[in-house]
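Note sheet for the following structure.
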Amino acid sequence: MLQRTGYTYHGMMHGVDILPTLVSVAGGTEDPGLDGKNMWQSISTGADSPRTEFVYAIDSEADSYAIRVGDYKLITGLRARKGDWYAPAEMQQMGILTETVDETGPFLFNIREDPLEKSNLYGMAEYASIQRAMRHRLNELKPFEVPFPADLADDPAADPSNYGNVWMPGWC
């Protein structure tokens, strides 16, 4: 089944890719209406990912946008605060992701070289063409924003007590 074993796959993959990948592995028919991509060929052989980009956030109400294209991640507006995320104990012991960082943007990170997003490349002359291209792509994607339903907080089905007292943001 796996043509390549004993390695870590470093290709771009998003959580929405899990379903189409598992459907493919199980011999099912892919649903072209899904956002996800079948990653099985890439994972099993080490081939390049069919995914070249994905959206983290398009939220005009909060004026917060984030996309990844290739190795780069662009964040405009407010950056998600690391204080809202709890690092696993091992990471806390190593001091990873526990420091306070500047929360004002915009930000540009090379995710492959800087997975902890510590070095903001935004505004550096050598990345100007990448910034322009990513802002252009973000502007192309903005019309496809799906507004967050304002009344969701009042929906009894969204109550965390229905899910073992766990709240999920809905995007991951």
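Residue names in the structure tokens use chain letters A, B, ... in the order shown, residue numbers from 1 in each chain, and ligand numbers from 1 in the order shown.
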If we count only C-alpha atoms and set the cut-off at 7 Å, which residues sit around range 68-70 of chain A, ignoring sequence neighbours fewer than 6 positions away in its own chain? Please answer as number ranges by chain. A: 52-55
Just the selected residues (N, CA, C and O atoms), exported as a PDB file, in the first residue's frame, please.
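Wrote it out as out15.pdb, contents follow:
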```
ATOM      1  N   THR A  52      -1.291  23.764  -3.170  1.00  0.00           N
ATOM      2  CA  THR A  52      -0.267  24.813  -3.225  1.00  0.00           C
ATOM      3  C   THR A  52      -0.610  26.002  -2.331  1.00  0.00           C
ATOM      4  O   THR A  52       0.229  26.866  -2.122  1.00  0.00           O
ATOM      5  N   GLU A  53      -1.844  26.024  -1.830  1.00  0.00           N
ATOM      6  CA  GLU A  53      -2.273  27.133  -0.980  1.00  0.00           C
ATOM      7  C   GLU A  53      -3.442  26.699  -0.121  1.00  0.00           C
ATOM      8  O   GLU A  53      -4.100  25.703  -0.414  1.00  0.00           O
ATOM      9  N   PHE A  54      -3.668  27.447   0.949  1.00  0.00           N
ATOM     10  CA  PHE A  54      -4.918  27.330   1.679  1.00  0.00           C
ATOM     11  C   PHE A  54      -5.162  28.591   2.484  1.00  0.00           C
ATOM     12  O   PHE A  54      -4.267  29.386   2.728  1.00  0.00           O
ATOM     13  N   VAL A  55      -6.427  28.750   2.852  1.00  0.00           N
ATOM     14  CA  VAL A  55      -6.876  29.928   3.584  1.00  0.00           C
ATOM     15  C   VAL A  55      -6.939  29.590   5.073  1.00  0.00           C
ATOM     16  O   VAL A  55      -7.518  28.583   5.454  1.00  0.00           O
TER      17      VAL A  55
END
```
If we count only C-alpha atoms and set the cut-off at 12 Å, which residues sit around Gly6 in chain A, ignoring sequence neighbours fewer than 2 positions away in its own chain? Please answer as a PyMOL selection string. chain A and resi 2-4+8-9+43-46
I'd like the contact shell of Leu121 in chain A - 9 Å cut-off, only C-alpha atoms, skipping same-chain residues fewer than 3 positions apart - returned as a list in words.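 Final neighbour list, sorted by chain and number: Phe107, Leu108, Phe109, Asn110, Met124, Glu126 and Tyr127 of chain A.
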Show me, as a PDB file with N, CA, C and O atoms, in the first residue's frame, the residues that have an atom within 10 Å of Val25 in chain A when counting only C-alpha atoms, minus same-chain residues fewer than 5 positions from it.
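Saved as result_32.pdb:
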```
ATOM      1  N   MET A   1       0.830  -1.194   0.000  1.00  0.00           N
ATOM      2  CA  MET A   1       0.000   0.000   0.000  1.00  0.00           C
ATOM      3  C   MET A   1       0.874   1.258   0.000  1.00  0.00           C
ATOM      4  O   MET A   1       0.646   2.151  -0.782  1.00  0.00           O
ATOM      5  N   LEU A  19     -10.540  13.763   4.837  1.00  0.00           N
ATOM      6  CA  LEU A  19     -11.690  12.996   4.349  1.00  0.00           C
ATOM      7  C   LEU A  19     -11.481  12.492   2.922  1.00  0.00           C
ATOM      8  O   LEU A  19     -11.613  11.286   2.672  1.00  0.00           O
ATOM      9  N   PRO A  20     -11.159  13.338   1.937  1.00  0.00           N
ATOM     10  CA  PRO A  20     -10.997  12.808   0.586  1.00  0.00           C
ATOM     11  C   PRO A  20      -9.853  11.792   0.483  1.00  0.00           C
ATOM     12  O   PRO A  20      -9.915  10.850  -0.312  1.00  0.00           O
ATOM     13  N   ASN A  38      -7.331  14.880  -2.325  1.00  0.00           N
ATOM     14  CA  ASN A  38      -6.843  13.541  -2.057  1.00  0.00           C
ATOM     15  C   ASN A  38      -5.311  13.589  -2.010  1.00  0.00           C
ATOM     16  O   ASN A  38      -4.657  13.851  -3.003  1.00  0.00           O
ATOM     17  N   MET A  39      -4.775  13.308  -0.858  1.00  0.00           N
ATOM     18  CA  MET A  39      -3.326  13.396  -0.651  1.00  0.00           C
ATOM     19  C   MET A  39      -2.635  12.035  -0.696  1.00  0.00           C
ATOM     20  O   MET A  39      -1.431  11.951  -0.491  1.00  0.00           O
ATOM     21  N   TRP A  40      -3.396  10.971  -0.948  1.00  0.00           N
ATOM     22  CA  TRP A  40      -2.828   9.635  -0.819  1.00  0.00           C
ATOM     23  C   TRP A  40      -1.611   9.420  -1.716  1.00  0.00           C
ATOM     24  O   TRP A  40      -0.590   8.894  -1.277  1.00  0.00           O
ATOM     25  N   GLN A  41      -1.686   9.782  -2.964  1.00  0.00           N
ATOM     26  CA  GLN A  41      -0.556   9.585  -3.876  1.00  0.00           C
ATOM     27  C   GLN A  41       0.694  10.290  -3.341  1.00  0.00           C
ATOM     28  O   GLN A  41       1.785   9.733  -3.374  1.00  0.00           O
TER      29      GLN A  41
END
```
So how far away is CA of Gly77 in chain A from CA of Asp63 in chain A, in Å? 5.6 Å
So which bits of range 25-58 of chain A end up helix (DSSP H, G or I) when you DSSP the backbone, as a VMD selection string? chain A and resid 25 40 to 45
Contacts of Glu145 in chain A at 10 Å or less, counting only C-alpha atoms, minus same-chain residues fewer than 4 places along, as a compact mmCIF listing (two decimals) with C-alpha atoms, in the first residue's frame?
```txt
# COMPACT_ATOMS: atom_id res chain seq x y z
CA ALA A 57 -8.93 33.20 7.69
CA ILE A 58 -10.99 35.61 5.62
CA ASP A 59 -12.90 37.67 8.18
CA SER A 60 -13.88 41.14 7.01
CA LEU A 141 -10.20 35.18 -2.41
```
What residues in range 3-86 of chain A get the DSSP label strand (DSSP E or B)? Please answer as a PyMOL selection string. chain A and resi 53-59+64-69+72-76
For CA of Ser49 in chain A and CA of Ile18 in chain A, the interatomic separation in Å (one decimal):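 A separation of 13.3 Å between them.
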Residues near His136 in chain A, cut-off 12 Å, only C-alpha atoms, skip fewer than 5 positions along chain, as a VMD selection string: chain A and resid 67 69 74 129 to 131 141 to 142
Could you write those residues out with N, CA, C and O atoms, as an mmCIF file, in the first residue's frame?
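Saved to selection17.cif:
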```cif
data_model
loop_
_atom_site.group_PDB
_atom_site.id
_atom_site.type_symbol
_atom_site.label_atom_id
_atom_site.label_comp_id
_atom_site.auth_asym_id
_atom_site.auth_seq_id
_atom_site.Cartn_x
_atom_site.Cartn_y
_atom_site.Cartn_z
ATOM 1 N N ILE A 67 -3.482 33.727 4.707
ATOM 2 C CA ILE A 67 -3.405 32.678 3.704
ATOM 3 C C ILE A 67 -1.991 32.111 3.673
ATOM 4 O O ILE A 67 -1.038 32.750 4.128
ATOM 5 N N VAL A 69 0.604 30.385 0.803
ATOM 6 C CA VAL A 69 0.884 30.044 -0.586
ATOM 7 C C VAL A 69 2.315 29.515 -0.610
ATOM 8 O O VAL A 69 3.244 30.232 -0.227
ATOM 9 N N LEU A 74 0.899 34.705 4.918
ATOM 10 C CA LEU A 74 0.630 36.130 5.063
ATOM 11 C C LEU A 74 -0.520 36.311 6.036
ATOM 12 O O LEU A 74 -1.559 35.666 5.905
ATOM 13 N N SER A 129 8.127 41.143 -3.711
ATOM 14 C CA SER A 129 7.337 40.500 -4.771
ATOM 15 C C SER A 129 6.444 39.400 -4.202
ATOM 16 O O SER A 129 5.317 39.210 -4.667
ATOM 17 N N ILE A 130 6.908 38.702 -3.181
ATOM 18 C CA ILE A 130 6.093 37.668 -2.529
ATOM 19 C C ILE A 130 4.916 38.330 -1.816
ATOM 20 O O ILE A 130 3.777 37.866 -1.919
ATOM 21 N N GLN A 131 5.182 39.427 -1.114
ATOM 22 C CA GLN A 131 4.110 40.166 -0.431
ATOM 23 C C GLN A 131 3.052 40.614 -1.419
ATOM 24 O O GLN A 131 1.853 40.446 -1.173
ATOM 25 N N LEU A 141 -9.432 36.109 -3.244
ATOM 26 C CA LEU A 141 -10.200 35.181 -2.414
ATOM 27 C C LEU A 141 -11.238 35.863 -1.532
ATOM 28 O O LEU A 141 -12.217 35.232 -1.122
ATOM 29 N N LYS A 142 -11.068 37.130 -1.239
ATOM 30 C CA LYS A 142 -11.977 37.830 -0.317
ATOM 31 C C LYS A 142 -13.451 37.744 -0.718
ATOM 32 O O LYS A 142 -14.313 37.595 0.150
#
```
Nearest residue to Val146 in chain A from the set A:Ala128, A:Glu61, A:Lys118, A:Val166 (distances using only C-alpha atoms): A:Glu61
